[in-house]
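Data from run13.txt: compact mmCIF, C-alpha atoms and all ligand atoms
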```
# COMPACT_ATOMS: atom_id res chain seq x y z
CA MET A 1 -13.86 -0.06 16.50
CA PRO A 2 -13.27 -0.91 12.85
CA THR A 3 -11.87 -4.22 11.74
CA ILE A 4 -9.02 -3.88 9.28
CA ALA A 5 -7.07 -6.26 7.08
CA ILE A 6 -3.40 -5.59 6.36
CA ILE A 7 -1.45 -6.91 3.38
CA GLY A 8 2.32 -6.45 3.65
CA ALA A 9 2.37 -6.36 7.48
CA THR A 10 5.73 -8.14 7.58
CA GLY A 11 7.34 -5.50 5.37
CA ALA A 12 9.33 -2.35 6.09
CA THR A 13 6.31 -0.03 5.86
CA GLY A 14 3.60 -2.53 6.78
CA LYS A 15 5.16 -3.19 10.19
CA PHE A 16 4.38 0.42 11.13
CA VAL A 17 0.84 0.04 9.79
CA LEU A 18 0.40 -3.07 11.91
CA GLN A 19 1.83 -1.55 15.09
CA GLY A 20 -0.17 1.65 14.57
CA ALA A 21 -3.37 -0.32 14.07
CA LEU A 22 -2.81 -2.09 17.38
CA ASP A 23 -1.97 1.22 19.10
CA ARG A 24 -5.31 2.56 17.83
CA ASN A 25 -7.12 -0.51 19.16
CA PHE A 26 -8.39 -1.60 15.75
CA SER A 27 -9.28 -5.26 15.33
CA VAL A 28 -6.56 -6.55 13.02
CA ARG A 29 -6.41 -9.39 10.53
CA VAL A 30 -3.27 -9.85 8.44
CA LEU A 31 -2.25 -11.87 5.44
CA ALA A 32 1.16 -13.50 5.89
CA ARG A 33 3.06 -15.95 3.75
CA THR A 34 5.23 -16.75 6.75
CA PRO A 35 3.14 -16.35 9.92
CA ALA A 36 6.21 -17.09 12.08
CA LYS A 37 7.40 -13.57 11.23
CA LEU A 38 4.50 -12.27 13.33
CA ASP A 39 4.83 -14.76 16.20
CA HIS A 40 5.44 -11.96 18.72
CA LEU A 41 1.98 -10.54 17.96
CA LYS A 42 0.04 -13.76 17.46
CA ASP A 43 -2.15 -13.20 20.55
CA LYS A 44 -3.21 -9.75 19.36
CA ILE A 45 -4.03 -10.33 15.69
CA GLU A 46 -5.75 -12.83 13.44
CA ILE A 47 -3.37 -14.25 10.85
CA ILE A 48 -4.50 -15.66 7.50
CA LYS A 49 -1.68 -17.74 6.07
CA GLY A 50 -1.29 -17.36 2.34
CA SER A 51 -0.14 -15.44 -0.66
CA VAL A 52 -1.92 -12.49 -2.21
CA ASP A 53 -2.46 -14.44 -5.43
CA ASP A 54 -4.48 -17.13 -3.63
CA LEU A 55 -8.16 -16.20 -4.04
CA ASP A 56 -9.37 -18.44 -1.20
CA ALA A 57 -6.92 -16.87 1.25
CA MET A 58 -7.90 -13.40 0.05
CA LYS A 59 -11.59 -14.10 0.51
CA LYS A 60 -10.87 -15.21 4.09
CA LEU A 61 -8.83 -12.05 4.61
CA VAL A 62 -11.39 -9.52 3.41
CA ASN A 63 -14.64 -11.16 4.50
CA GLY A 64 -16.27 -9.03 7.20
CA VAL A 65 -13.57 -6.35 7.46
CA ASP A 66 -14.25 -2.62 7.10
CA VAL A 67 -11.01 -1.47 5.47
CA ILE A 68 -8.03 -3.13 3.75
CA LEU A 69 -4.62 -1.45 4.00
CA SER A 70 -2.01 -2.73 1.55
CA THR A 71 1.73 -2.10 1.42
CA LEU A 72 2.25 -5.10 -0.85
CA GLY A 73 5.39 -5.23 -2.94
CA THR A 74 8.56 -6.93 -3.93
CA ASN A 75 11.61 -5.89 -5.86
CA LYS A 76 12.66 -9.47 -6.53
CA LYS A 77 12.86 -9.69 -10.31
CA PRO A 78 11.01 -11.10 -12.13
CA ASN A 79 8.36 -11.98 -9.52
CA TYR A 80 6.61 -8.64 -9.45
CA ILE A 81 3.44 -9.19 -7.50
CA VAL A 82 1.47 -5.97 -7.22
CA GLU A 83 -0.66 -6.27 -10.36
CA LYS A 84 -1.31 -9.97 -9.77
CA GLY A 85 -2.13 -9.44 -6.10
CA VAL A 86 -4.38 -6.43 -6.68
CA ARG A 87 -6.28 -8.32 -9.39
CA ILE A 88 -7.09 -11.13 -6.92
CA LEU A 89 -7.79 -8.70 -4.08
CA LEU A 90 -10.31 -6.79 -6.20
CA GLN A 91 -12.09 -10.05 -7.01
CA ALA A 92 -12.21 -10.91 -3.30
CA ILE A 93 -13.63 -7.47 -2.43
CA GLN A 94 -16.23 -7.66 -5.20
CA SER A 95 -17.43 -11.08 -4.06
CA SER A 96 -17.55 -10.14 -0.36
CA ASP A 97 -20.66 -9.10 1.55
CA SER A 98 -18.92 -6.35 3.51
CA LYS A 99 -17.34 -4.64 0.44
CA PRO A 100 -14.48 -3.18 2.48
CA ARG A 101 -12.80 0.08 1.50
CA PHE A 102 -9.25 -0.31 0.20
CA VAL A 103 -6.17 1.88 0.69
CA HIS A 104 -3.44 0.93 -1.78
CA MET A 105 0.19 2.00 -1.53
CA SER A 106 1.73 3.04 -4.84
CA SER A 107 4.48 5.37 -6.05
CA VAL A 108 4.59 9.00 -7.12
CA GLY A 109 5.36 9.37 -10.80
CA LEU A 110 2.60 6.96 -11.76
CA GLY A 111 -0.71 7.75 -13.39
CA ASP A 112 -1.71 11.38 -13.32
CA SER A 113 1.09 12.22 -10.87
CA LYS A 114 3.63 11.83 -13.69
CA ALA A 115 3.10 15.43 -14.78
CA GLN A 116 3.26 16.60 -11.16
CA CYS A 117 6.68 14.98 -10.75
CA LYS A 118 8.15 16.35 -13.96
CA LYS A 119 8.52 19.67 -12.16
CA SER A 120 10.74 18.10 -9.49
CA LEU A 121 14.45 18.08 -10.44
CA LEU A 122 15.12 15.38 -7.86
CA TRP A 123 12.43 13.12 -9.26
CA THR A 124 13.61 13.70 -12.84
CA PHE A 125 17.10 12.61 -11.73
CA ILE A 126 15.68 9.54 -9.99
CA VAL A 127 13.70 8.51 -13.05
CA LYS A 128 16.75 8.87 -15.32
CA VAL A 129 19.30 7.20 -13.02
CA THR A 130 17.47 4.91 -10.59
CA PHE A 131 14.64 3.53 -12.69
CA PRO A 132 16.95 1.79 -15.18
CA LEU A 133 18.95 0.33 -12.26
CA ILE A 134 16.08 -1.04 -10.18
CA GLY A 135 14.07 -1.98 -13.21
CA SER A 136 11.34 -0.03 -14.90
CA GLU A 137 9.23 -3.22 -14.86
CA LEU A 138 8.74 -2.70 -11.12
CA PHE A 139 7.02 0.59 -11.88
CA ALA A 140 5.13 -0.86 -14.84
CA ASP A 141 3.76 -3.52 -12.48
CA MET A 142 2.61 -0.85 -10.01
CA GLN A 143 1.07 1.17 -12.86
CA ARG A 144 -0.97 -1.83 -14.04
CA ALA A 145 -2.20 -2.32 -10.47
CA GLU A 146 -3.32 1.34 -10.32
CA ASP A 147 -5.13 0.91 -13.65
CA LEU A 148 -6.99 -2.14 -12.33
CA ILE A 149 -8.12 -0.22 -9.25
CA ILE A 150 -9.32 2.76 -11.27
CA GLN A 151 -11.33 0.48 -13.58
CA ALA A 152 -12.75 -1.76 -10.84
CA LYS A 153 -16.50 -1.65 -10.35
CA ASP A 154 -18.01 -1.58 -6.84
CA VAL A 155 -14.66 -0.96 -5.14
CA ASN A 156 -14.12 2.10 -2.97
CA ALA A 157 -10.38 2.70 -3.03
CA ILE A 158 -7.71 5.30 -2.30
CA ILE A 159 -4.49 5.15 -4.32
CA MET A 160 -1.84 6.58 -2.01
CA ARG A 161 1.41 7.42 -3.81
CA ALA A 162 4.68 7.84 -1.93
CA ALA A 163 8.09 8.96 -3.15
CA ILE A 164 11.33 8.02 -1.39
CA LEU A 165 10.74 6.11 1.83
CA THR A 166 12.97 6.72 4.85
CA GLU A 167 13.38 5.07 8.24
CA LYS A 168 13.32 8.45 10.02
CA ASP A 169 10.93 9.55 12.75
CA ALA A 170 7.48 10.73 11.74
CA LYS A 171 7.27 14.42 10.80
CA GLY A 172 3.66 14.56 9.66
CA TYR A 173 2.36 14.24 6.12
CA GLN A 174 0.68 16.46 3.57
CA VAL A 175 -1.66 15.26 0.86
CA ARG A 176 -1.39 16.70 -2.66
CA LEU A 177 -3.61 16.00 -5.63
CA SER A 178 -1.93 15.57 -9.02
CA ASN A 179 -2.75 19.13 -10.11
CA GLU A 180 -0.87 20.48 -7.10
CA PRO A 181 2.91 20.90 -6.85
CA THR A 182 5.18 18.26 -5.35
CA GLY A 183 6.47 18.57 -1.80
CA ASN A 184 9.43 17.04 0.04
CA MET A 185 10.16 13.80 -1.84
CA PHE A 186 11.57 12.02 1.23
CA ILE A 187 8.91 10.65 3.55
CA SER A 188 9.11 8.51 6.64
CA ARG A 189 7.51 5.09 6.46
CA ARG A 190 5.89 6.05 9.78
CA ASP A 191 4.09 8.97 8.08
CA ILE A 192 2.87 6.66 5.32
CA ALA A 193 1.46 4.37 7.99
CA ALA A 194 -0.17 7.33 9.74
CA PHE A 195 -1.99 8.38 6.55
CA MET A 196 -3.22 4.85 5.92
CA LEU A 197 -4.46 4.48 9.49
CA ASP A 198 -6.11 7.93 9.45
CA ALA A 199 -7.91 6.87 6.25
CA VAL A 200 -9.62 4.07 8.14
CA ASN A 201 -12.02 6.64 9.58
CA ASP A 202 -11.49 9.52 7.12
CA THR A 203 -13.29 8.91 3.83
CA SER A 204 -12.43 12.26 2.23
CA TYR A 205 -9.96 10.72 -0.24
CA ASP A 206 -12.13 7.78 -1.28
CA GLY A 207 -12.16 7.31 -5.05
CA LYS A 208 -9.04 9.49 -5.45
CA ALA A 209 -5.36 9.04 -6.22
CA ILE A 210 -3.24 11.26 -3.98
CA SER A 211 0.47 11.90 -3.45
CA LEU A 212 1.89 12.03 0.04
CA PHE A 213 4.74 14.35 1.02
CA THR A 214 6.39 15.30 4.29
CA ALA A 215 4.61 18.13 6.08
N1 LIG B 301 11.13 2.14 -1.47
C1 LIG B 301 10.52 3.25 -1.84
O1 LIG B 301 11.08 4.34 -1.77
C2 LIG B 301 9.07 3.17 -2.36
C3 LIG B 301 8.43 4.34 -2.73
C4 LIG B 301 7.10 4.28 -3.12
C5 LIG B 301 6.43 3.06 -3.17
N2 LIG B 301 7.09 1.92 -2.83
C6 LIG B 301 6.33 0.68 -2.89
O2 LIG B 301 5.61 0.55 -1.67
C7 LIG B 301 5.36 -0.82 -1.39
C8 LIG B 301 5.81 -1.15 0.03
O3 LIG B 301 7.19 -0.91 0.18
P1 LIG B 301 8.04 -1.61 1.35
O4 LIG B 301 9.41 -1.06 1.25
O5 LIG B 301 7.32 -1.52 2.65
O6 LIG B 301 8.04 -3.14 0.84
P2 LIG B 301 8.61 -4.44 1.55
O7 LIG B 301 9.38 -4.11 2.78
O8 LIG B 301 9.30 -5.25 0.49
O9 LIG B 301 7.29 -5.21 2.01
C9 LIG B 301 6.47 -5.86 1.08
C10 LIG B 301 5.44 -6.69 1.79
O10 LIG B 301 4.67 -7.39 0.78
C11 LIG B 301 4.57 -8.75 1.17
N3 LIG B 301 4.42 -9.63 0.02
C12 LIG B 301 5.22 -9.73 -1.07
N4 LIG B 301 4.76 -10.69 -1.90
C13 LIG B 301 3.63 -11.19 -1.32
C14 LIG B 301 2.72 -12.22 -1.68
N5 LIG B 301 2.86 -12.94 -2.81
N6 LIG B 301 1.68 -12.49 -0.84
C15 LIG B 301 1.53 -11.79 0.32
N7 LIG B 301 2.37 -10.81 0.72
C16 LIG B 301 3.42 -10.53 -0.09
C17 LIG B 301 5.87 -9.04 1.89
O11 LIG B 301 5.70 -10.22 2.66
P3 LIG B 301 6.90 -11.27 2.99
O12 LIG B 301 7.39 -10.89 4.36
O13 LIG B 301 6.22 -12.59 2.95
O14 LIG B 301 7.95 -11.11 1.92
C18 LIG B 301 6.03 -7.77 2.72
O15 LIG B 301 5.23 -7.85 3.89
C19 LIG B 301 6.10 -1.60 -2.47
O16 LIG B 301 5.19 -1.94 -3.51
C20 LIG B 301 7.14 -0.60 -2.97
O17 LIG B 301 7.54 -0.88 -4.32
C21 LIG B 301 8.39 1.96 -2.40
```

Mind turning this structure into structure tokens?
Ligand SMILES: NC(=O)c1ccc[n+]([C@@H]2O[C@H](COP(=O)([O-])OP(=O)(O)OC[C@H]3O[C@@H](n4cnc5c(N)ncnc54)[C@H](OP(=O)(O)O)[C@@H]3O)[C@@H](O)[C@H]2O)c1
Amino acid sequence: MPTIAIIGATGATGKFVLQGALDRNFSVRVLARTPAKLDHLKDKIEIIKGSVDDLDAMKKLVNGVDVILSTLGTNKKPNYIVEKGVRILLQAIQSSDSKPRFVHMSSVGLGDSKAQCKKSLLWTFIVKVTFPLIGSELFADMQRAEDLIIQAKDVNAIIMRAAILTEKDAKGYQVRLSNEPTGNMFISRRDIAAFMLDAVNDTSYDGKAISLFTA
């Protein structure tokens, strides 16, 4: 069974990644700033206490694991963390012996999926109305993180872009490359978790940026 590291396991999407990893009998190590949030699972997982911008903690997290799954994020202005965290994570991967694969959660509308999304009326509305409200810097931070991953040497990563996350039951997911049309923009966090967990053993999207839509 693979050993995986999870970043963001205490979050709204990461909690499904964590539970799914345990359901699949993976060996699980998580990074947590507040380990008490995971007290109910402390006998089943290894917890590394720390923040994603702490290189020592990140080296402990990634050393010896096969795959890293990250749903890192914050919308607390101005402490955007994704670029900073990904920069440190990439350093930790590059200096590790095991060179784990990395599945990174990002957002549709970034990178080469921008053109893909222009054809969606819903997404165009969201960009015009929501982005200014929640802060375009949040998306700029995620874009810089994507750029770091694409440029990183010796790192085998998947950039997994999601649109609007819902709390609904899983419906299944479909993967689209940026030259393919968009699908249903609303996707369950459970389906995001399913893709990330499937990618632990499925290497077909390694080195790619993909968008995830509801099946
Ligand atoms: N909402 C959407 O529709 C949408 C769509 C596409 C992409 N996204 C992006 O997808 C990502 C995940 O979304 P989400 O809703 O699941 O986020 P979330 O509920 O806010 O979870 C974020 C996770 O990141 C962790 N984290 C934050 N700062 C950290 C740090 N310095 N060190 C270690 N861990 C840290 C949090 O840990 P703590 O418990 O310690 O705070 C939490 O576990 C975010 O980047 C979000 O912007 C969201």

Build an axis-aligned box that encloses every atom of ligand LIG 301 (chain B) listed in the file, pad it by 3 Å on each side, and report its centre and edge lengths in Å to one decimal, as lines of an AutoDock Vina configuration file.
```
center_x = 6.3
center_y = -4.3
center_z = 0.0
size_x = 15.6
size_y = 23.3
size_z = 14.7
```

(request) List the neighbours of segment 135-151 of chain A out to 12 Å using only C-alpha atoms; skip same-chain residues closer than 4 positions along the sequence, and give me the result as a PyMOL selection string. (result) chain A and resi 71-91+93-94+101-114+126-131+155-161+206-210

(message) So that I can check the surroundings of segment 14-17 of chain A, please list as a ChimeraX atom specification every protein, DNA and RNA residue that reaches within 12 Å of it, counting only C-alpha atoms and ignoring chain neighbours fewer than 2 positions away.
(response) /A:4-12,19-24,26,28-32,37-38,41,68-73,103-105,167,169-170,188-200

(request) Kindly give the distance, in Å, that separates atom CA of Pro2 of chain A and atom CA of Asp154 of chain A, rounded to a single decimal. (result)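 About the pair atom CA of Pro2 of chain A and atom CA of Asp154 of chain A: they are 20.3 Å apart.
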
(message) Considering all atoms listed in the file, can you say which of A:Ile45, A:Cys117, A:Ala57, A:Ala162 comes closest to ligand LIG 301 (chain B)?
(response)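 Selected residue with least distance to ligand LIG 301 (chain B): A:Ala162.
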
(request) Choose the residue, out of A:Pro100, A:Pro132, A:Gly50, A:Gly183, that has the smallest atom-to-atom separation from ligand LIG 301 (chain B); count only C-alpha atoms and all ligand atoms. (result)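 For ligand LIG 301 (chain B), the nearest of the given residues is A:Gly50.
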
(request) Pick out the closest residue to ligand LIG 301 (chain B) from this set: A:Gly172, A:Pro35, A:Gly64, A:Pro181. Count only C-alpha atoms and all ligand atoms. (result)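 Checking each of A:Gly172, A:Pro35, A:Gly64, A:Pro181 against ligand LIG 301 (chain B), counting only C-alpha atoms and all ligand atoms, the winner is A:Pro35.
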
(message) Using only C-alpha atoms and all ligand atoms for the distances, tell me which of A:Ile48, A:Leu212, A:Met1, A:Leu165 is nearest to ligand LIG 301 (chain B).
(response)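 Closest to ligand LIG 301 (chain B) of all the choices is A:Leu165.
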
(message) Nearest residue to Phe213 of chain A out of A:Gln116, A:Asn179, A:Gln174, A:Asn201, using all atoms listed in the file?
(response)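 The closest residue to Phe213 of chain A is A:Gln174.
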
(message) Counting only C-alpha atoms, which residue out of A:Leu133, A:Thr13, A:Thr3, A:Glu46 sits closest to Lys168 of chain A?
(response) A:Thr13

(request) Tell me, in Å to one decimal, how far atom CA of Asp43 of chain A is from atom CA of Asn63 of chain A. (result)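 Atom CA of Asp43 of chain A sits 20.4 Å away from atom CA of Asn63 of chain A.
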
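Take atom C7 of ligand LIG 301 (chain B) and atom CA of Thr166 of chain A: the distance between them is 12.4 Å.
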
For segment 176-208 of chain A, supply N, CA and C atoms and format the output as an mmCIF file, in the frame of the given file.
```
data_model
loop_
_atom_site.group_PDB
_atom_site.id
_atom_site.type_symbol
_atom_site.label_atom_id
_atom_site.label_comp_id
_atom_site.auth_asym_id
_atom_site.auth_seq_id
_atom_site.Cartn_x
_atom_site.Cartn_y
_atom_site.Cartn_z
ATOM 1 N N ARG A 176 -1.271 15.830 -1.472
ATOM 2 C CA ARG A 176 -1.390 16.700 -2.660
ATOM 3 C C ARG A 176 -2.083 15.926 -3.768
ATOM 4 N N LEU A 177 -2.998 16.589 -4.435
ATOM 5 C CA LEU A 177 -3.610 16.000 -5.630
ATOM 6 C C LEU A 177 -2.659 16.227 -6.801
ATOM 7 N N SER A 178 -2.910 15.539 -7.924
ATOM 8 C CA SER A 178 -1.930 15.570 -9.020
ATOM 9 C C SER A 178 -1.835 16.928 -9.702
ATOM 10 N N ASN A 179 -2.843 17.789 -9.506
ATOM 11 C CA ASN A 179 -2.750 19.130 -10.110
ATOM 12 C C ASN A 179 -2.076 20.128 -9.162
ATOM 13 N N GLU A 180 -1.573 19.612 -8.048
ATOM 14 C CA GLU A 180 -0.870 20.480 -7.100
ATOM 15 C C GLU A 180 0.627 20.174 -7.164
ATOM 16 N N PRO A 181 1.463 21.126 -6.745
ATOM 17 C CA PRO A 181 2.910 20.900 -6.850
ATOM 18 C C PRO A 181 3.398 19.784 -5.921
ATOM 19 N N THR A 182 4.588 19.265 -6.234
ATOM 20 C CA THR A 182 5.180 18.260 -5.350
ATOM 21 C C THR A 182 5.661 18.915 -4.066
ATOM 22 N N GLY A 183 5.878 18.090 -3.053
ATOM 23 C CA GLY A 183 6.470 18.570 -1.800
ATOM 24 C C GLY A 183 7.801 17.865 -1.592
ATOM 25 N N ASN A 184 8.189 17.741 -0.331
ATOM 26 C CA ASN A 184 9.430 17.040 0.040
ATOM 27 C C ASN A 184 9.322 15.570 -0.371
ATOM 28 N N MET A 185 10.245 15.148 -1.262
ATOM 29 C CA MET A 185 10.160 13.800 -1.840
ATOM 30 C C MET A 185 10.539 12.686 -0.853
ATOM 31 N N PHE A 186 11.197 13.043 0.251
ATOM 32 C CA PHE A 186 11.570 12.020 1.230
ATOM 33 C C PHE A 186 10.488 11.958 2.301
ATOM 34 N N ILE A 187 9.976 10.777 2.550
ATOM 35 C CA ILE A 187 8.910 10.650 3.550
ATOM 36 C C ILE A 187 9.149 9.420 4.408
ATOM 37 N N SER A 188 8.918 9.607 5.698
ATOM 38 C CA SER A 188 9.110 8.510 6.640
ATOM 39 C C SER A 188 8.039 7.436 6.431
ATOM 40 N N ARG A 189 8.482 6.182 6.540
ATOM 41 C CA ARG A 189 7.510 5.090 6.460
ATOM 42 C C ARG A 189 6.445 5.234 7.558
ATOM 43 N N ARG A 190 6.843 5.860 8.677
ATOM 44 C CA ARG A 190 5.890 6.050 9.780
ATOM 45 C C ARG A 190 4.774 7.015 9.370
ATOM 46 N N ASP A 191 5.121 8.030 8.551
ATOM 47 C CA ASP A 191 4.090 8.970 8.080
ATOM 48 C C ASP A 191 3.164 8.315 7.059
ATOM 49 N N ILE A 192 3.720 7.417 6.256
ATOM 50 C CA ILE A 192 2.870 6.660 5.320
ATOM 51 C C ILE A 192 1.848 5.851 6.122
ATOM 52 N N ALA A 193 2.352 5.181 7.162
ATOM 53 C CA ALA A 193 1.460 4.370 7.990
ATOM 54 C C ALA A 193 0.390 5.248 8.640
ATOM 55 N N ALA A 194 0.793 6.442 9.081
ATOM 56 C CA ALA A 194 -0.170 7.330 9.740
ATOM 57 C C ALA A 194 -1.298 7.718 8.782
ATOM 58 N N PHE A 195 -0.942 8.039 7.513
ATOM 59 C CA PHE A 195 -1.990 8.380 6.550
ATOM 60 C C PHE A 195 -2.943 7.208 6.369
ATOM 61 N N MET A 196 -2.372 6.030 6.189
ATOM 62 C CA MET A 196 -3.220 4.850 5.920
ATOM 63 C C MET A 196 -4.153 4.585 7.104
ATOM 64 N N LEU A 197 -3.634 4.735 8.301
ATOM 65 C CA LEU A 197 -4.460 4.480 9.490
ATOM 66 C C LEU A 197 -5.498 5.587 9.676
ATOM 67 N N ASP A 198 -5.124 6.838 9.377
ATOM 68 C CA ASP A 198 -6.110 7.930 9.450
ATOM 69 C C ASP A 198 -7.248 7.681 8.457
ATOM 70 N N ALA A 199 -6.898 7.098 7.294
ATOM 71 C CA ALA A 199 -7.910 6.870 6.250
ATOM 72 C C ALA A 199 -8.927 5.799 6.635
ATOM 73 N N VAL A 200 -8.639 5.069 7.692
ATOM 74 C CA VAL A 200 -9.620 4.070 8.140
ATOM 75 C C VAL A 200 -10.935 4.764 8.518
ATOM 76 N N ASN A 201 -10.806 5.917 9.166
ATOM 77 C CA ASN A 201 -12.020 6.640 9.580
ATOM 78 C C ASN A 201 -12.308 7.876 8.732
ATOM 79 N N ASP A 202 -11.334 8.305 7.932
ATOM 80 C CA ASP A 202 -11.490 9.520 7.120
ATOM 81 C C ASP A 202 -11.739 9.112 5.666
ATOM 82 N N THR A 203 -12.943 9.363 5.188
ATOM 83 C CA THR A 203 -13.290 8.910 3.830
ATOM 84 C C THR A 203 -13.098 10.012 2.782
ATOM 85 N N SER A 204 -12.450 11.123 3.168
ATOM 86 C CA SER A 204 -12.430 12.260 2.230
ATOM 87 C C SER A 204 -11.617 11.987 0.952
ATOM 88 N N TYR A 205 -10.740 10.996 0.971
ATOM 89 C CA TYR A 205 -9.960 10.720 -0.240
ATOM 90 C C TYR A 205 -10.464 9.471 -0.986
ATOM 91 N N ASP A 206 -11.599 8.962 -0.588
ATOM 92 C CA ASP A 206 -12.130 7.780 -1.280
ATOM 93 C C ASP A 206 -12.348 8.088 -2.762
ATOM 94 N N GLY A 207 -11.966 7.141 -3.606
ATOM 95 C CA GLY A 207 -12.160 7.310 -5.050
ATOM 96 C C GLY A 207 -11.097 8.191 -5.686
ATOM 97 N N LYS A 208 -10.067 8.572 -4.913
ATOM 98 C CA LYS A 208 -9.040 9.490 -5.450
ATOM 99 C C LYS A 208 -7.662 8.829 -5.433
#
```
